[in-house]
Number of protein chains: 2
Amino acid sequence: MAPGAFEVEATDGAARATRLETAHGTITTPLFMPVGTKATVKAVDPSELEALGAQVILANTYHLHFRPGEDTVRALGGLHRFAGWERAILTDSGGFQIFSLLDTARIDDDGVTFRSVYDGAAGRFTPEIAMAVQRTLGSDIAMCLDECPPAGATRAAVARAVERTSRWAERCAAAECAPGQLRFGIVQGGVDVGLRRRSARSLTDLGFDGYALGGLSVGEARATMFDVTEQSAPFLPAGRPRYFMGIGDPEAIIRAIAAGIDLFDCVLPTRLGRTGPAFTWEGRLNLRNARFARDPGPLDPDCRCPTCARFSRGYLRHLVTQGEILGLRLISVHNLAFLLDLTSRARAAILAGTFAGFAQHSLDRLAPDR
Amino acid sequence: MAPGAFEVEATDGAARATRLETAHGTITTPLFMPVGTKATVKAVDPSELEALGAQVILANTYHLHFRPGEDTVRALGGLHRFAGWERAILTDSGGFQIFSLLDTARIDDDGVTFRSVYDGAAGRFTPEIAMAVQRTLGSDIAMCLDECPPAGATRAAVARAVERTSRWAERCAAAECAPGQLRFGIVQGGVDVGLRRRSARSLTDLGFDGYALGGLSVGEARATMFDVTEQSAPFLPAGRPRYFMGIGDPEAIIRAIAAGIDLFDCVLPTRLGRTGPAFTWEGRLNLRNARFARDPGPLDPDCRCPTCARFSRGYLRHLVTQGEILGLRLISVHNLAFLLDLTSRARAAILAGTFAGFAQHSLDRLAPDR
């Protein structure tokens, strides 16, 4: 089937099991997508990601534009060959990094001027440039350039960002894509459901291949985030994939699936992996705690990842406390496996019509996390 | 066959192909042994080491004694289960670390008092303690505690170290071992061939399962090191394995094999892997060099390791210059694969009676390294 073909295979309440065709294979959802910022999921090898069942990885347009540069990536065969990953790749537009990495962005109606975090050099992204960089990189899913206001922004500022994001989306929709490359629009609107509706409508009119909720999980209250997600998901077309940008804790993913979201990404599993905490079905487990020093059990007895198959909590604690690279590798792999397993179990439950029970049971088990 | 059984399968000049039985499998030599100081070969997973054909890994008695402590390792099932490695493990005695890590060692005839590098706490090793720690860890090959003088030591100081090492070896030989655990003696003598002969004789009288050359590759001139190795290897009994402690560059390994050495270890391949340089058959390759930025080829076209199978020099350079953990992982794996392949090729050449040609051809190719 052609890239972009999309099917809702089953619904269970608002939750959905779907399939999306890309130029590098079929994606089945709900699905967590590991983040490989600089074309590498930190500390993890592509062969490990394949074995864990990862279907899509993210890469970051902003970072790759500066290091090593999209022309170098193209010279080395494009993003897939560059990263040694032949499954699907989603690139974000760089908007989030421009607005969050350095407080130097100066926005105008045409685009945004900023300073590179690498060397302070002047940079400029416009909707056309963001799409051109993603076209050169050769990702399967390109994201529109959006304006992402911070959590505390006034309603007026958020409304202006919604308008600008819509105008930029129009220009992104008009830009040329790589062969088979899909284009997703990003709905803004902060925590204002009315603005979310307006943003979704104007984007939907442009006919994107998928729609994302951006500008959430950026510092707002957690209950607010869930509330806005539940109310905004129905604004996104039922006939296209729905993507919540930047969420990676197990409870939040389950709640977003329940709200009708299909795709998720976050650096959380690998960021936690590099510092110690591990996801388990009984909540997070901090390996630095001395009580694990002689614990012969696996991180999570319910997990079948390579880390849990081979290593004890005691050994992992030794690695983490000694700052050994293998420790952060093994915990990163486990945390990714956990989220991939979680979205895979959610999918099975939706297909079986048992999602509500699965979600409640899972949230109850994960509660010690809170 | 019982642990300790040893057979010289073939000789070719002074070079040997041998087999040694251990409690965790048969070791075939010549063989490079990856170093897993704190019970982890830095940045590398045991499953990767298995796939590369590693037969023995080292672990470090000094470090494991302090972190996490040998009793914790035993509580977690012993060193093999602890590290997730079911093949053979060799533990060094801690002597090298005591004498090299901190300038605080005070030696007496009974043992050595020092301060831990971890927290400055007072530590003491005697021959009996070193063997007891290794017994508790449960390694397959335990090394005797030796006194390892620095490269610039006077002949008198080296002679005293030889005498003390011999008396300590006697006490190590009398100590209890773990079931199936082998014991290797360490020949000292610096760059004085006469002292090397004396040291080897007194150790040989004690009947160890194998013999090591210690106190070389510690700062002496390279030509001197080769010379002493060639002259000293014949002092080690032909009917037991011979181990050169702490050498890991390809040229030196080939020369030591030619001198009749069977076993090698060094942190070099993983230490280089963490900073960038990669072994190749055409010499070391420093990935930080800008000329590799768009190089689509593998690190070494002659290498069949997972790194060379999947990733380009250009991508690896990107990872290294960006400080990405995957970069140091992939280069560490490649460097280990290179040395394991090197000793495996040397073994095949010895068995085929073509070692002299292999060695000369290899040294010629590796020459750009110098």
# chains A, B, ... in the order shown; residues from 1 in each chain; ligands from 1
>>> select_by_dssp(residues="stretch 116-304 of chain A", states="strand (DSSP E or B)", output="PDB file with C-alpha atoms, in the first residue's frame")
ATOM      1  CA  ALA A 122      23.130  32.634  13.701  1.00  0.00           C
ATOM      2  CA  GLY A 123      20.491  30.256  12.412  1.00  0.00           C
ATOM      3  CA  ARG A 124      17.180  30.793  10.687  1.00  0.00           C
ATOM      4  CA  PHE A 125      14.302  28.418  10.126  1.00  0.00           C
ATOM      5  CA  ILE A 141       7.302  11.466   8.480  1.00  0.00           C
ATOM      6  CA  ALA A 142       8.117  15.183   8.481  1.00  0.00           C
ATOM      7  CA  MET A 143       6.620  17.568  11.031  1.00  0.00           C
ATOM      8  CA  LEU A 182       4.402  11.979   4.968  1.00  0.00           C
ATOM      9  CA  ARG A 183       3.643  15.333   6.572  1.00  0.00           C
ATOM     10  CA  PHE A 184       2.044  15.814   9.987  1.00  0.00           C
ATOM     11  CA  GLY A 185       0.540  19.068  11.241  1.00  0.00           C
ATOM     12  CA  ILE A 186       0.989  20.198  14.851  1.00  0.00           C
ATOM     13  CA  VAL A 187      -1.997  21.495  16.824  1.00  0.00           C
ATOM     14  CA  GLY A 210      -1.421  12.916  10.476  1.00  0.00           C
ATOM     15  CA  TYR A 211      -1.959  15.342  13.351  1.00  0.00           C
ATOM     16  CA  ALA A 212      -0.003  15.965  16.516  1.00  0.00           C
ATOM     17  CA  LEU A 213      -0.772  17.635  19.807  1.00  0.00           C
ATOM     18  CA  ARG A 242      -2.907  11.112  16.164  1.00  0.00           C
ATOM     19  CA  TYR A 243       0.381  11.835  17.861  1.00  0.00           C
ATOM     20  CA  PHE A 244       1.054  13.269  21.339  1.00  0.00           C
ATOM     21  CA  LEU A 263       1.630   7.703  18.746  1.00  0.00           C
ATOM     22  CA  PHE A 264       4.002   8.822  21.494  1.00  0.00           C
ATOM     23  CA  ASP A 265       7.631   9.844  21.818  1.00  0.00           C
ATOM     24  CA  CYS A 266       9.836  11.028  24.638  1.00  0.00           C
ATOM     25  CA  PRO A 277      15.590   4.939  37.520  1.00  0.00           C
ATOM     26  CA  ALA A 278      13.949   2.000  35.775  1.00  0.00           C
ATOM     27  CA  LEU A 285      12.719   1.626  40.782  1.00  0.00           C
ATOM     28  CA  ASN A 286      15.769   3.676  41.716  1.00  0.00           C
TER      29      ASN A 286
END
>>> interface_residues(of="chain B", to="chain A", cutoff="6 Å", atoms="only C-alpha atoms", output="VMD selection string")
chain B and resid 43 76 82 84 296 310 315 325 to 326
>>> residues_around(residues="stretch 331-345 of chain B", least_positions_apart="4", cutoff="9 Å", atoms="only C-alpha atoms", output="mmCIF file with N, CA and C atoms, in the first residue's frame")
data_model
loop_
_atom_site.group_PDB
_atom_site.id
_atom_site.type_symbol
_atom_site.label_atom_id
_atom_site.label_comp_id
_atom_site.auth_asym_id
_atom_site.auth_seq_id
_atom_site.Cartn_x
_atom_site.Cartn_y
_atom_site.Cartn_z
ATOM 1 N N THR B 28 41.283 -21.773 23.714
ATOM 2 C CA THR B 28 42.268 -22.038 22.674
ATOM 3 C C THR B 28 43.101 -20.783 22.450
ATOM 4 N N THR B 29 44.404 -20.984 22.284
ATOM 5 C CA THR B 29 45.331 -19.847 22.168
ATOM 6 C C THR B 29 46.104 -19.928 20.872
ATOM 7 N N PRO B 30 46.769 -18.850 20.451
ATOM 8 C CA PRO B 30 46.869 -17.528 21.072
ATOM 9 C C PRO B 30 45.497 -16.887 21.235
ATOM 10 N N LEU B 31 45.386 -16.098 22.315
ATOM 11 C CA LEU B 31 44.075 -15.537 22.652
ATOM 12 C C LEU B 31 44.221 -14.185 23.339
ATOM 13 N N PHE B 32 43.468 -13.212 22.828
ATOM 14 C CA PHE B 32 43.344 -11.948 23.544
ATOM 15 C C PHE B 32 42.156 -12.031 24.498
ATOM 16 N N MET B 33 42.351 -11.548 25.728
ATOM 17 C CA MET B 33 41.308 -11.601 26.754
ATOM 18 C C MET B 33 40.850 -10.180 27.085
ATOM 19 N N PRO B 34 39.599 -9.826 26.762
ATOM 20 C CA PRO B 34 39.101 -8.474 27.084
ATOM 21 C C PRO B 34 39.098 -8.230 28.596
ATOM 22 N N LYS B 42 34.165 -2.412 29.594
ATOM 23 C CA LYS B 42 33.533 -1.098 29.539
ATOM 24 C C LYS B 42 32.774 -0.861 28.238
ATOM 25 N N ALA B 43 31.485 -0.559 28.399
ATOM 26 C CA ALA B 43 30.556 -0.193 27.322
ATOM 27 C C ALA B 43 30.063 -1.383 26.508
ATOM 28 N N VAL B 44 30.546 -2.601 26.801
ATOM 29 C CA VAL B 44 30.235 -3.760 25.967
ATOM 30 C C VAL B 44 29.403 -4.764 26.759
ATOM 31 N N GLU B 48 27.485 -9.434 23.299
ATOM 32 C CA GLU B 48 28.356 -8.989 22.203
ATOM 33 C C GLU B 48 29.702 -9.706 22.265
ATOM 34 N N LEU B 49 30.239 -9.856 23.486
ATOM 35 C CA LEU B 49 31.527 -10.541 23.639
ATOM 36 C C LEU B 49 31.430 -11.992 23.194
ATOM 37 N N LEU B 52 31.504 -12.102 19.492
ATOM 38 C CA LEU B 52 32.840 -11.825 18.949
ATOM 39 C C LEU B 52 33.791 -13.002 19.144
ATOM 40 N N GLY B 53 33.377 -14.000 19.908
ATOM 41 C CA GLY B 53 34.232 -15.154 20.143
ATOM 42 C C GLY B 53 35.168 -15.004 21.329
ATOM 43 N N ALA B 54 34.887 -14.061 22.219
ATOM 44 C CA ALA B 54 35.715 -13.943 23.419
ATOM 45 C C ALA B 54 35.576 -15.219 24.243
ATOM 46 N N GLY B 248 48.184 -4.814 24.457
ATOM 47 C CA GLY B 248 46.988 -4.816 23.627
ATOM 48 C C GLY B 248 47.151 -4.142 22.276
ATOM 49 N N ASP B 249 48.373 -3.764 21.892
ATOM 50 C CA ASP B 249 48.442 -3.212 20.541
ATOM 51 C C ASP B 249 48.794 -4.345 19.580
ATOM 52 N N PRO B 250 48.227 -4.301 18.388
ATOM 53 C CA PRO B 250 48.325 -5.433 17.466
ATOM 54 C C PRO B 250 49.760 -5.866 17.185
ATOM 55 N N ILE B 253 51.311 -7.728 20.148
ATOM 56 C CA ILE B 253 50.739 -9.066 20.334
ATOM 57 C C ILE B 253 51.348 -10.047 19.335
ATOM 58 N N ILE B 254 51.481 -9.624 18.095
ATOM 59 C CA ILE B 254 52.067 -10.513 17.084
ATOM 60 C C ILE B 254 53.498 -10.878 17.469
ATOM 61 N N ILE B 257 53.452 -13.311 20.398
ATOM 62 C CA ILE B 257 53.083 -14.658 19.936
ATOM 63 C C ILE B 257 54.310 -15.321 19.306
ATOM 64 N N LEU B 268 43.565 -1.457 26.446
ATOM 65 C CA LEU B 268 43.753 -0.568 25.297
ATOM 66 C C LEU B 268 42.579 -0.546 24.310
ATOM 67 N N PRO B 269 42.060 -1.692 23.859
ATOM 68 C CA PRO B 269 40.999 -1.613 22.834
ATOM 69 C C PRO B 269 39.762 -0.863 23.306
ATOM 70 N N THR B 270 39.373 -1.038 24.559
ATOM 71 C CA THR B 270 38.187 -0.323 25.040
ATOM 72 C C THR B 270 38.539 1.102 25.458
ATOM 73 N N ARG B 271 39.748 1.313 25.948
ATOM 74 C CA ARG B 271 40.135 2.685 26.302
ATOM 75 C C ARG B 271 40.221 3.544 25.039
ATOM 76 N N LEU B 272 40.842 3.029 23.995
ATOM 77 C CA LEU B 272 40.854 3.753 22.712
ATOM 78 C C LEU B 272 39.428 3.927 22.201
ATOM 79 N N GLY B 273 38.623 2.885 22.365
ATOM 80 C CA GLY B 273 37.244 2.953 21.878
ATOM 81 C C GLY B 273 36.467 4.097 22.492
ATOM 82 N N ARG B 274 36.791 4.437 23.730
ATOM 83 C CA ARG B 274 36.053 5.506 24.402
ATOM 84 C C ARG B 274 36.545 6.900 23.995
ATOM 85 N N GLY B 276 38.134 7.383 20.617
ATOM 86 C CA GLY B 276 38.032 7.557 19.182
ATOM 87 C C GLY B 276 38.868 6.634 18.321
ATOM 88 N N PRO B 277 40.165 6.453 18.598
ATOM 89 C CA PRO B 277 40.980 5.673 17.665
ATOM 90 C C PRO B 277 40.517 4.219 17.521
ATOM 91 N N ALA B 278 40.529 3.769 16.270
ATOM 92 C CA ALA B 278 40.103 2.402 15.961
ATOM 93 C C ALA B 278 41.264 1.644 15.347
ATOM 94 N N PHE B 279 41.396 0.367 15.746
ATOM 95 C CA PHE B 279 42.379 -0.499 15.096
ATOM 96 C C PHE B 279 41.910 -0.820 13.683
ATOM 97 N N THR B 280 42.838 -0.816 12.741
ATOM 98 C CA THR B 280 42.560 -1.405 11.426
ATOM 99 C C THR B 280 43.834 -2.108 10.980
ATOM 100 N N TRP B 281 43.684 -2.937 9.970
ATOM 101 C CA TRP B 281 44.854 -3.647 9.448
ATOM 102 C C TRP B 281 45.818 -2.701 8.753
ATOM 103 N N LEU B 299 34.885 0.926 9.128
ATOM 104 C CA LEU B 299 36.155 1.191 9.798
ATOM 105 C C LEU B 299 37.285 0.422 9.138
ATOM 106 N N CYS B 303 37.152 -6.334 8.243
ATOM 107 C CA CYS B 303 36.581 -6.723 9.534
ATOM 108 C C CYS B 303 35.126 -7.133 9.354
ATOM 109 N N ARG B 304 34.739 -8.187 10.038
ATOM 110 C CA ARG B 304 33.346 -8.653 9.945
ATOM 111 C C ARG B 304 32.580 -8.438 11.244
ATOM 112 N N CYS B 305 33.005 -7.466 12.052
ATOM 113 C CA CYS B 305 32.317 -7.214 13.321
ATOM 114 C C CYS B 305 30.998 -6.483 13.069
ATOM 115 N N PRO B 306 30.095 -6.472 14.052
ATOM 116 C CA PRO B 306 28.796 -5.807 13.869
ATOM 117 C C PRO B 306 28.929 -4.318 13.527
ATOM 118 N N THR B 307 29.946 -3.658 14.065
ATOM 119 C CA THR B 307 30.137 -2.231 13.763
ATOM 120 C C THR B 307 30.446 -2.033 12.283
ATOM 121 N N CYS B 308 31.365 -2.824 11.768
ATOM 122 C CA CYS B 308 31.762 -2.664 10.364
ATOM 123 C C CYS B 308 30.664 -3.147 9.418
ATOM 124 N N LEU B 316 30.109 7.024 12.336
ATOM 125 C CA LEU B 316 30.877 6.824 13.572
ATOM 126 C C LEU B 316 31.582 8.112 13.973
ATOM 127 N N LEU B 326 26.730 5.631 21.863
ATOM 128 C CA LEU B 326 26.758 4.568 20.850
ATOM 129 C C LEU B 326 28.097 4.546 20.125
ATOM 130 N N GLY B 327 28.713 5.709 19.936
ATOM 131 C CA GLY B 327 29.999 5.766 19.248
ATOM 132 C C GLY B 327 31.076 4.996 19.986
ATOM 133 N N ALA B 349 47.205 -19.647 11.531
ATOM 134 C CA ALA B 349 48.497 -19.676 10.836
ATOM 135 C C ALA B 349 49.455 -20.654 11.511
ATOM 136 N N ILE B 350 49.461 -20.676 12.829
ATOM 137 C CA ILE B 350 50.348 -21.608 13.547
ATOM 138 C C ILE B 350 49.945 -23.050 13.234
ATOM 139 N N PHE B 358 52.565 -14.975 8.037
ATOM 140 C CA PHE B 358 51.432 -14.199 8.565
ATOM 141 C C PHE B 358 51.939 -13.027 9.394
#
>>> closest_residue(among="B:Glu147, B:Glu176, B:Asp12, B:Asp364", to="B:Ala259", atoms="only C-alpha atoms")
B:Asp12
>>> residues_around(residues="B:Asp146", least_positions_apart="2", cutoff="9 Å", atoms="only C-alpha atoms", output="list of chain:residue names")
B:Ser93, B:Gly94, B:Gly95, B:Phe96, B:Pro127, B:Met143, B:Cys144, B:Cys148, B:Ala161, B:Val162, B:Arg164, B:Thr165, B:Ser166, B:Trp168, B:Ala169, B:Gly185, B:Ile186, B:Val187, B:Gln188, B:Gly214
>>> residues_around(residues="A:Ser139", least_positions_apart="3", cutoff="7 Å", atoms="only C-alpha atoms", output="list in words")
Leu79, Ile89, Leu90, Thr91, Gln134, Arg135, Ala142 and Gln181 of chain A
>>> select_by_dssp(residues="stretch 119-350 of chain A", states="helix (DSSP H, G or I)", output="PyMOL selection string")
chain A and resi 127-137+155-174+193-204+222-235+250-258+268-275+290-292+306-310+313-321+325-350
